[in-house]
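Below is the file coords.cif, which contains mmCIF, C-alpha atoms and all ligand atoms.
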```cif
data_structure
loop_
_atom_site.label_atom_id
_atom_site.label_comp_id
_atom_site.auth_asym_id
_atom_site.auth_seq_id
_atom_site.Cartn_x
_atom_site.Cartn_y
_atom_site.Cartn_z
CA MET A 1 135.61 99.48 94.93
CA ASN A 2 133.86 102.09 92.85
CA GLU A 3 130.20 102.83 93.14
CA LEU A 4 127.58 101.23 90.96
CA ILE A 5 124.59 103.01 89.46
CA SER A 6 121.73 100.81 88.28
CA ILE A 7 119.41 102.17 85.63
CA ILE A 8 116.02 100.50 85.41
CA ILE A 9 114.22 100.78 82.09
CA PRO A 10 110.68 99.39 81.81
CA CYS A 11 110.04 98.49 78.17
CA TYR A 12 106.79 97.51 76.55
CA ASN A 13 106.89 97.27 72.76
CA GLU A 14 109.78 99.70 72.51
CA GLU A 15 111.71 98.26 69.55
CA ALA A 16 111.69 101.65 67.85
CA VAL A 17 113.40 103.55 70.66
CA ILE A 18 115.67 101.07 72.46
CA PRO A 19 118.60 101.49 70.05
CA LEU A 20 118.33 105.30 70.35
CA PHE A 21 117.99 105.06 74.12
CA TYR A 22 120.97 102.76 74.41
CA GLU A 23 123.21 105.13 72.46
CA GLU A 24 122.22 108.04 74.69
CA ILE A 25 122.59 106.23 77.98
CA LYS A 26 125.89 104.75 76.89
CA ARG A 27 127.23 108.17 76.03
CA GLN A 28 126.07 109.57 79.36
CA SER A 29 127.44 106.71 81.44
CA ASP A 30 130.80 106.64 79.67
CA PHE A 31 131.05 110.33 80.44
CA MET A 32 130.18 109.85 84.10
CA GLN A 33 132.43 106.83 84.37
CA ASN A 34 135.37 108.98 83.29
CA LYS A 35 134.43 111.95 85.40
CA PHE A 36 133.39 110.30 88.68
CA GLY A 37 134.72 106.74 88.38
CA VAL A 38 131.26 105.24 88.83
CA SER A 39 130.20 102.11 87.01
CA PHE A 40 126.81 101.30 85.53
CA GLU A 41 124.36 98.52 84.92
CA TYR A 42 121.32 98.86 82.69
CA LEU A 43 118.46 96.72 83.82
CA PHE A 44 115.93 96.50 81.02
CA ILE A 45 112.59 95.04 82.05
CA ASP A 46 110.77 93.63 79.07
CA ASP A 47 107.17 93.86 80.18
CA GLY A 48 105.79 91.14 77.90
CA SER A 49 106.47 92.99 74.65
CA ARG A 50 105.02 91.52 71.48
CA ASP A 51 107.54 93.10 69.13
CA ASN A 52 111.29 92.66 68.82
CA THR A 53 112.14 94.36 72.10
CA LEU A 54 113.53 91.20 73.68
CA SER A 55 115.69 90.21 70.73
CA ILE A 56 117.13 93.73 70.55
CA LEU A 57 117.93 93.54 74.27
CA LYS A 58 119.59 90.16 73.77
CA SER A 59 121.83 91.45 71.04
CA LEU A 60 122.77 94.50 73.11
CA ALA A 61 123.62 92.19 76.01
CA GLU A 62 126.01 90.23 73.82
CA THR A 63 128.16 93.26 73.12
CA ASP A 64 127.85 95.15 76.40
CA ARG A 65 128.29 93.50 79.80
CA ARG A 66 126.40 96.32 81.48
CA VAL A 67 123.18 95.32 79.74
CA LYS A 68 120.94 93.05 81.79
CA TYR A 69 117.42 92.12 80.89
CA ILE A 70 114.52 90.53 82.67
CA SER A 71 111.66 89.40 80.53
CA PHE A 72 108.15 88.89 81.91
CA SER A 73 105.82 86.06 80.94
CA ARG A 74 103.19 88.61 79.87
CA ASN A 75 102.44 92.33 80.16
CA PHE A 76 102.18 93.14 83.86
CA GLY A 77 102.23 96.93 83.56
CA LYS A 78 104.82 99.61 84.24
CA GLU A 79 104.35 99.47 88.02
CA ALA A 80 105.23 95.77 88.08
CA ALA A 81 108.20 96.40 85.79
CA MET A 82 109.55 99.13 88.08
CA TYR A 83 109.11 96.87 91.10
CA ALA A 84 110.96 94.00 89.42
CA GLY A 85 113.72 96.42 88.48
CA LEU A 86 114.11 97.80 91.99
CA LYS A 87 114.13 94.29 93.41
CA ASN A 88 116.89 93.15 91.14
CA ALA A 89 119.03 96.27 90.94
CA SER A 90 122.29 95.84 92.79
CA GLY A 91 123.54 99.42 92.53
CA ASP A 92 124.52 101.74 95.36
CA TYR A 93 122.26 104.19 93.54
CA THR A 94 119.31 103.30 91.38
CA ALA A 95 117.52 105.30 88.71
CA ILE A 96 114.29 104.60 86.89
CA MET A 97 114.05 105.86 83.33
CA ASP A 98 111.55 105.52 80.47
CA ALA A 99 112.80 103.94 77.30
CA ASP A 100 111.42 106.66 75.06
CA LEU A 101 113.99 109.37 75.97
CA GLN A 102 111.33 111.55 77.58
CA ASP A 103 113.55 111.37 80.64
CA PRO A 104 116.77 113.14 79.61
CA PRO A 105 119.79 110.97 80.55
CA LYS A 106 121.95 114.07 80.90
CA LEU A 107 120.19 114.96 84.15
CA LEU A 108 121.87 111.93 85.73
CA GLU A 109 125.03 113.88 86.32
CA ASP A 110 123.28 116.56 88.39
CA MET A 111 121.27 113.92 90.19
CA TYR A 112 124.36 112.01 91.18
CA LYS A 113 126.15 115.16 92.32
CA SER A 114 123.19 116.26 94.44
CA ILE A 115 123.11 112.95 96.25
CA VAL A 116 126.84 112.66 96.79
CA ASP A 117 127.72 116.31 97.49
CA GLU A 118 124.52 117.78 98.91
CA GLY A 119 123.42 114.80 100.96
CA PHE A 120 120.01 114.18 99.38
CA ASP A 121 118.55 110.68 99.45
CA CYS A 122 116.74 111.07 96.21
CA VAL A 123 116.68 113.41 93.24
CA ALA A 124 113.38 113.34 91.40
CA THR A 125 112.20 115.13 88.29
CA ARG A 126 109.08 116.97 87.39
CA ARG A 127 108.09 118.50 84.14
CA VAL A 128 107.03 122.08 84.33
CA SER A 129 105.05 122.06 81.11
CA ARG A 130 102.82 119.54 79.48
CA LYS A 131 103.72 120.69 75.99
CA GLY A 132 102.72 118.27 73.25
CA GLU A 133 100.07 116.61 75.40
CA PRO A 134 96.38 116.69 74.42
CA PRO A 135 94.70 119.55 76.42
CA VAL A 136 91.93 117.28 77.72
CA ARG A 137 94.54 114.96 79.18
CA SER A 138 96.39 117.82 80.87
CA PHE A 139 93.14 119.14 82.29
CA PHE A 140 92.19 115.84 83.88
CA ALA A 141 95.75 115.21 85.07
CA ARG A 142 95.75 118.54 86.90
CA LEU A 143 92.34 117.81 88.36
CA PHE A 144 93.54 114.45 89.59
CA TYR A 145 96.57 115.92 91.39
CA LYS A 146 94.44 118.61 93.02
CA LEU A 147 91.92 116.05 94.22
CA ILE A 148 94.34 113.44 95.49
CA ASN A 149 96.39 115.99 97.39
CA LYS A 150 93.25 117.18 99.13
CA ILE A 151 92.15 113.73 100.22
CA SER A 152 95.46 112.00 100.84
CA LYS A 153 98.05 112.66 103.51
CA THR A 154 100.82 111.56 101.19
CA ASP A 155 102.26 114.31 99.05
CA ILE A 156 101.82 113.47 95.38
CA VAL A 157 103.58 116.01 93.20
CA ASP A 158 101.90 117.32 90.04
CA GLY A 159 103.93 116.62 86.95
CA ALA A 160 106.32 114.33 88.80
CA ARG A 161 107.83 111.67 86.60
CA ASP A 162 108.98 108.27 87.71
CA TYR A 163 112.48 109.35 86.62
CA ARG A 164 114.59 109.64 89.77
CA LEU A 165 117.88 108.54 91.29
CA MET A 166 117.73 107.02 94.76
CA THR A 167 120.09 105.72 97.38
CA ARG A 168 120.15 102.07 98.35
CA GLN A 169 118.45 102.90 101.64
CA MET A 170 115.50 104.49 99.88
CA VAL A 171 115.23 101.62 97.38
CA ASP A 172 115.13 99.13 100.25
CA SER A 173 112.39 101.14 101.93
CA ILE A 174 110.34 101.11 98.75
CA LEU A 175 110.82 97.36 98.47
CA SER A 176 109.58 96.91 102.00
CA MET A 177 106.19 98.04 100.68
CA GLY A 178 105.20 94.79 99.06
CA GLU A 179 101.65 95.78 98.18
CA TYR A 180 99.98 94.37 95.10
CA ASN A 181 98.18 97.56 94.08
CA ARG A 182 101.23 99.66 93.43
CA PHE A 183 101.05 103.38 92.80
CA SER A 184 104.65 104.52 92.75
CA LYS A 185 103.99 108.24 92.73
CA GLY A 186 102.41 107.71 96.14
CA ILE A 187 104.94 105.16 97.38
CA PHE A 188 107.87 107.51 96.66
CA GLY A 189 106.21 110.21 98.74
CA TRP A 190 105.10 107.84 101.48
CA VAL A 191 108.59 106.52 102.29
CA GLY A 192 109.80 110.04 102.91
CA PHE A 193 113.56 110.88 102.77
CA ARG A 194 115.08 114.11 101.53
CA THR A 195 114.13 114.62 97.94
CA LYS A 196 115.44 117.27 95.60
CA TRP A 197 113.29 118.22 92.62
CA LEU A 198 114.77 118.99 89.24
CA GLU A 199 112.48 120.60 86.72
CA PHE A 200 112.57 120.24 82.99
CA GLU A 201 110.48 121.01 79.93
CA ASN A 202 108.40 118.16 78.59
CA THR A 203 109.97 116.49 75.58
CA GLU A 204 108.08 114.30 73.19
CA ARG A 205 108.73 110.61 72.74
CA ALA A 206 111.75 109.91 70.48
CA ALA A 207 109.91 107.23 68.47
CA GLY A 208 107.15 104.67 68.85
CA GLU A 209 103.92 105.57 70.60
CA THR A 210 102.53 106.04 74.07
CA LYS A 211 101.24 102.95 75.88
CA TRP A 212 98.74 104.88 77.95
CA SER A 213 95.28 105.54 76.60
CA PHE A 214 93.06 108.05 78.33
CA TRP A 215 90.99 105.22 79.78
CA LYS A 216 94.06 103.41 81.13
CA LEU A 217 95.21 106.63 82.81
CA PHE A 218 91.76 107.15 84.27
CA LEU A 219 91.76 103.68 85.83
CA TYR A 220 95.30 104.25 87.06
CA SER A 221 94.19 107.44 88.79
CA LEU A 222 91.40 105.53 90.56
CA ASP A 223 94.01 102.98 91.68
CA GLY A 224 96.06 105.84 93.05
CA ILE A 225 93.15 107.26 94.99
CA ALA A 226 92.19 103.87 96.43
CA ALA A 227 95.80 103.14 97.36
CA PHE A 228 96.57 106.43 99.09
CA SER A 229 93.33 107.74 100.49
CA THR A 230 90.36 106.34 102.35
CA ALA A 231 88.44 109.62 102.09
CA PRO A 232 85.96 108.29 99.49
CA LEU A 233 84.81 105.74 102.06
CA ALA A 234 83.62 108.61 104.22
CA ILE A 235 81.36 109.90 101.44
CA ALA A 236 78.71 107.35 102.42
CA SER A 237 78.62 108.61 106.00
CA VAL A 238 78.52 112.25 104.96
CA ALA A 239 75.81 111.65 102.36
CA GLY A 240 73.86 109.56 104.86
CA PHE A 241 74.00 112.37 107.38
CA ILE A 242 72.88 115.01 104.89
CA PHE A 243 69.97 112.93 103.66
CA CYS A 244 68.82 112.09 107.18
CA ALA A 245 68.84 115.75 108.09
CA ALA A 246 66.92 116.64 104.93
CA ALA A 247 64.38 113.88 105.50
CA PHE A 248 63.83 114.95 109.09
CA THR A 249 63.18 118.55 108.06
CA MET A 250 60.79 117.44 105.37
CA ILE A 251 58.86 115.27 107.83
CA LEU A 252 58.44 118.21 110.15
CA VAL A 253 57.31 120.45 107.30
CA ILE A 254 54.73 117.90 106.12
CA ILE A 255 53.37 117.30 109.62
CA PHE A 256 52.88 121.01 110.22
CA LYS A 257 51.37 121.58 106.80
CA THR A 258 48.85 118.78 107.36
CA LEU A 259 47.95 119.87 110.86
CA ILE A 260 47.58 123.55 110.07
CA TRP A 261 46.19 123.63 106.51
CA GLY A 262 44.95 120.07 106.13
CA ASP A 263 47.18 119.64 103.06
CA PRO A 264 46.42 116.31 101.30
CA VAL A 265 50.21 115.62 100.80
CA ALA A 266 50.08 115.18 97.05
CA GLY A 267 53.32 114.93 95.18
CA TYR A 268 53.98 111.80 93.20
CA PRO A 269 56.63 113.47 90.97
CA SER A 270 58.64 114.83 93.86
CA LEU A 271 58.53 111.41 95.52
CA VAL A 272 59.91 109.72 92.42
CA CYS A 273 62.71 112.27 92.20
CA ILE A 274 63.64 111.77 95.82
CA ILE A 275 63.67 107.97 95.48
CA PHE A 276 65.89 108.20 92.42
CA LEU A 277 68.27 110.61 94.09
CA VAL A 278 68.59 108.69 97.31
CA SER A 279 69.03 105.32 95.66
CA GLY A 280 71.55 106.86 93.26
CA VAL A 281 73.61 108.10 96.16
CA GLN A 282 73.35 104.69 97.79
CA MET A 283 74.52 102.91 94.67
CA PHE A 284 77.40 105.35 94.29
CA CYS A 285 78.53 104.72 97.85
CA MET A 286 78.23 100.99 97.38
CA GLY A 287 80.38 101.29 94.29
CA ILE A 288 83.06 103.02 96.34
CA LEU A 289 82.88 100.27 98.94
CA GLY A 290 83.18 97.76 96.12
CA GLN A 291 86.34 99.47 94.87
CA TYR A 292 88.06 99.17 98.22
CA LEU A 293 86.76 95.66 98.71
CA SER A 294 88.14 94.55 95.36
CA LYS A 295 91.54 96.04 96.18
CA THR A 296 91.53 94.27 99.53
CA TYR A 297 90.51 91.04 97.81
CA LEU A 298 93.44 91.26 95.41
CA GLU A 299 95.80 92.17 98.23
CA THR A 300 94.77 89.16 100.32
CA LYS A 301 95.39 86.75 97.47
CA LYS A 302 99.10 87.55 97.65
CA ARG A 303 99.63 86.90 93.98
CA PRO A 304 103.10 87.64 92.63
CA ILE A 305 103.39 91.13 91.17
CA PHE A 306 105.25 89.82 88.12
CA ILE A 307 106.48 86.53 86.66
CA ILE A 308 109.87 86.30 85.03
CA LYS A 309 110.21 84.15 81.94
CA GLU A 310 113.85 84.69 81.12
CA THR A 311 116.85 86.81 82.03
CA ASN A 312 120.57 87.04 81.41
CA SER A 313 121.32 88.09 84.96
CA THR A 314 123.71 85.71 86.68
CA GLU A 315 122.80 86.95 90.13
CA ASP A 316 119.97 85.46 92.15
CA ILE A 317 116.78 86.68 90.58
CA LYS A 318 114.14 87.81 93.02
N1 LIG B 401 105.64 100.65 79.95
C1 LIG B 401 105.73 99.37 80.49
N2 LIG B 401 104.60 98.60 80.59
C2 LIG B 401 103.37 99.05 80.19
C3 LIG B 401 103.28 100.37 79.67
C4 LIG B 401 104.43 101.14 79.57
O1 LIG B 401 106.82 98.93 80.86
O2 LIG B 401 102.41 98.31 80.31
C5 LIG B 401 106.86 101.48 79.84
C6 LIG B 401 107.13 102.01 78.44
O3 LIG B 401 107.84 101.06 77.67
C7 LIG B 401 107.95 103.26 78.71
C8 LIG B 401 107.37 103.74 80.03
O4 LIG B 401 106.68 102.64 80.62
O5 LIG B 401 109.32 102.97 78.87
C9 LIG B 401 106.45 104.92 79.86
O6 LIG B 401 105.47 104.62 78.91
P1 LIG B 401 105.00 105.68 77.82
O7 LIG B 401 106.15 106.44 77.28
O8 LIG B 401 104.17 104.92 76.82
O9 LIG B 401 104.05 106.61 78.68
P2 LIG B 401 103.89 108.20 78.57
O10 LIG B 401 105.27 108.78 78.58
O11 LIG B 401 103.17 108.44 77.30
O12 LIG B 401 103.11 108.56 79.78
MG MG B 402 106.74 108.33 77.41
#
```
So, in terms of structure tokens, how does the structure I just supplied come out?
Amino acid sequence: MNELISIIIPCYNEEAVIPLFYEEIKRQSDFMQNKFGVSFEYLFIDDGSRDNTLSILKSLAETDRRVKYISFSRNFGKEAAMYAGLKNASGDYTAIMDADLQDPPKLLEDMYKSIVDEGFDCVATRRVSRKGEPPVRSFFARLFYKLINKISKTDIVDGARDYRLMTRQMVDSILSMGEYNRFSKGIFGWVGFRTKWLEFENTERAAGETKWSFWKLFLYSLDGIAAFSTAPLAIASVAGFIFCAAAFTMILVIIFKTLIWGDPVAGYPSLVCIIFLVSGVQMFCMGILGQYLSKTYLETKKRPIFIIKETNSTEDIK
């Protein structure tokens, strides 16, 4: 039997690009089918779109047996969509690809060859430039990668996209991480395996618009930090230590000053400043604790990561 490649495509309000994407992926897979004798399935995950995404997917599915779709009951986010895709992909190899053609389908050929001929478990992509992205966004993205790589043991690669082709073994390992707070860029690194990196220039979205506002990305980066590092929890201890040391020194200074010069220990303004500073640090540390507590709270609830409303897949849906 020939090998099957599953392509997972998370889609949220992507009516403008799906037809373009489908043409491209079809061209690429027909080409690879002829060249390597591999077959394909396209697993579109409709992440609660409010536009015509689902009806476009349905009509594609009528004409092409390779097209499968899973439609969520509401928008659960790209992480949930990728997880649903990985769970339901039946391929020997599985790729994740954005619907907006920012992930060039033609790289699939090299990815497949690297896995089959060179023995890699995974071929991932990273963009070497951030051309076309607002400078402020690039700046904070870079800052985030620097920070998280300092405080996390898991390697999280700057500029890495979710676009990658993986073996069944790696997909199963990823699925064994059933956490609710999913941060795939960390999960991919955490599971290990031999990964080859392909680099490419950033391309802009083919049509439609980005689903990620700056604020959404900021919250996502906090999720990533909470999911793959516990370093912020240590801030409270470090700050506590520093403040104790400072307080102790100040006490000594005041005692000596009073004993030697009979200083009346005036200083209302400095006292106010110190109280503000110390309570600020305390609040900040409590906030960090709260972050981890809330993540733990959500984790312990064991809520499903996504809910499927409808699908055309005839296999058992997980
Ligand atoms: N996406 C999704 N659910 C969401 C947001 C995005 O499935 O809640 C999908 C989206 O349809 C696209 C991919 O994730 O296929 C990447 O999104 P986008 O291109 O908007 O992000 P950007 O490339 O701007 O970072
Ligand atoms: Mg995009």
Residues of stretch 151-262 of chain A that have any atom at most 12 Å from an atom of stretch 4-23 of chain A: could you tabulate them with the shortest-distance atom pair and the distance in Å to one decimal, using all atoms listed in the file, ordered by chain and increasing number, as a tab-separated table?
```
residue	atom	partner	partner_atom	distance
A:Asp162	CA	A:Ile9	CA	10.7
A:Tyr163	CA	A:Ile8	CA	9.6
A:Arg164	CA	A:Ile7	CA	9.8
A:Leu165	CA	A:Ile7	CA	8.7
A:Met166	CA	A:Ile5	CA	9.6
A:Thr167	CA	A:Ile5	CA	9.5
A:Arg168	CA	A:Ile5	CA	10.0
A:Val171	CA	A:Ser6	CA	11.2
A:Arg205	CA	A:Val17	CA	8.7
A:Ala206	CA	A:Val17	CA	6.6
A:Ala207	CA	A:Val17	CA	5.5
A:Gly208	CA	A:Ala16	CA	5.5
A:Glu209	CA	A:Glu14	CA	8.5
A:Thr210	CA	A:Glu14	CA	9.8
A:Lys211	CA	A:Tyr12	CA	7.8
A:Trp212	CA	A:Tyr12	CA	11.0
```
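The coordinates place atom CA of A:Ala124 at 23.3 Å from atom CA of A:Leu222.
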7 Å contact set for stretch 173-182 of chain A, all atoms listed in the file, chain neighbours under 3 positions out, as a PyMOL selection string: chain A and resi 79+87+169-170+187+191+227+299+305
Measuring atom to atom with only C-alpha atoms and all ligand atoms, identify which of A:Ile156, A:Ile275, A:Phe306, A:Phe256 is nearest to ligand LIG 401 (chain B).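 Selected residue with least distance to ligand LIG 401 (chain B): A:Phe306.
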Which is closer to ligand MG 402 (chain B) than all the others in A:Asn88, A:Ser55, A:Gln102, A:Thr314, using all atoms listed in the file?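 Checking each of A:Asn88, A:Ser55, A:Gln102, A:Thr314 against ligand MG 402 (chain B), counting all atoms listed in the file, the winner is A:Gln102.
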Selected residue of minimal separation from ligand LIG 401 (chain B) among A:Lys309, A:Lys78, A:Arg303, A:Lys153, counting only C-alpha atoms and all ligand atoms: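 Of the candidates, the smallest distance to ligand LIG 401 (chain B) is held by A:Lys78.
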Would you list the contacts of A:Glu24 as a list of chain:residue names, taking every protein, DNA or RNA residue within 9 Å and counting only C-alpha atoms, but skipping same-chain residues closer than 6 positions in sequence? A:Leu101, A:Pro104, A:Pro105, A:Lys106
Residue nearest ligand LIG 401 (chain B) - candidates A:Leu86, A:Met97, A:Leu43, A:Val116, atoms counted: only C-alpha atoms and all ligand atoms: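 Ranking A:Leu86, A:Met97, A:Leu43, A:Val116 by distance to ligand LIG 401 (chain B), first place goes to A:Met97.
Minimum atom-to-atom distance to A:Asp103, evaluated using all atoms listed in the file, belongs to A:Glu204 out of A:Glu118, A:Asp30, A:Glu3, A:Glu204.
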Residue nearest ligand MG 402 (chain B) among A:Gly267, A:Gly240, A:Gly132, A:Gly186 (counting all atoms listed in the file): A:Gly132
Could you pull out every residue with an atom within 9 Å of (114.5, 119.9, 92.9), file coordinates, counting all atoms listed in the file, and send them as an mmCIF file with C-alpha atoms, in the coordinates of the input?
```cif
data_model
loop_
_atom_site.group_PDB
_atom_site.id
_atom_site.type_symbol
_atom_site.label_atom_id
_atom_site.label_comp_id
_atom_site.auth_asym_id
_atom_site.auth_seq_id
_atom_site.Cartn_x
_atom_site.Cartn_y
_atom_site.Cartn_z
ATOM 1 C CA VAL A 123 116.680 113.410 93.240
ATOM 2 C CA ALA A 124 113.380 113.340 91.400
ATOM 3 C CA THR A 125 112.200 115.130 88.290
ATOM 4 C CA ARG A 126 109.080 116.970 87.390
ATOM 5 C CA THR A 195 114.130 114.620 97.940
ATOM 6 C CA LYS A 196 115.440 117.270 95.600
ATOM 7 C CA TRP A 197 113.290 118.220 92.620
ATOM 8 C CA LEU A 198 114.770 118.990 89.240
ATOM 9 C CA GLU A 199 112.480 120.600 86.720
#
```
Would you work out the distance separating atom CA of A:Val281 from atom CA of A:Ala236, expressed in Å to one decimal? 8.1 Å
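The space between atom CA of A:Ser152 and atom CA of A:Gly189 spans 11.1 Å.
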What are the centre and the three edge lengths of an axis-aligned box that wraps all atoms of ligand LIG 401 (chain B) in the file, given that 5 Å is added to every side, written as AutoDock Vina command-line options and rounded to one decimal in Å?
```
--center_x 105.9 --center_y 103.5 --center_z 78.8 --size_x 16.9 --size_y 20.5 --size_z 14.0
```
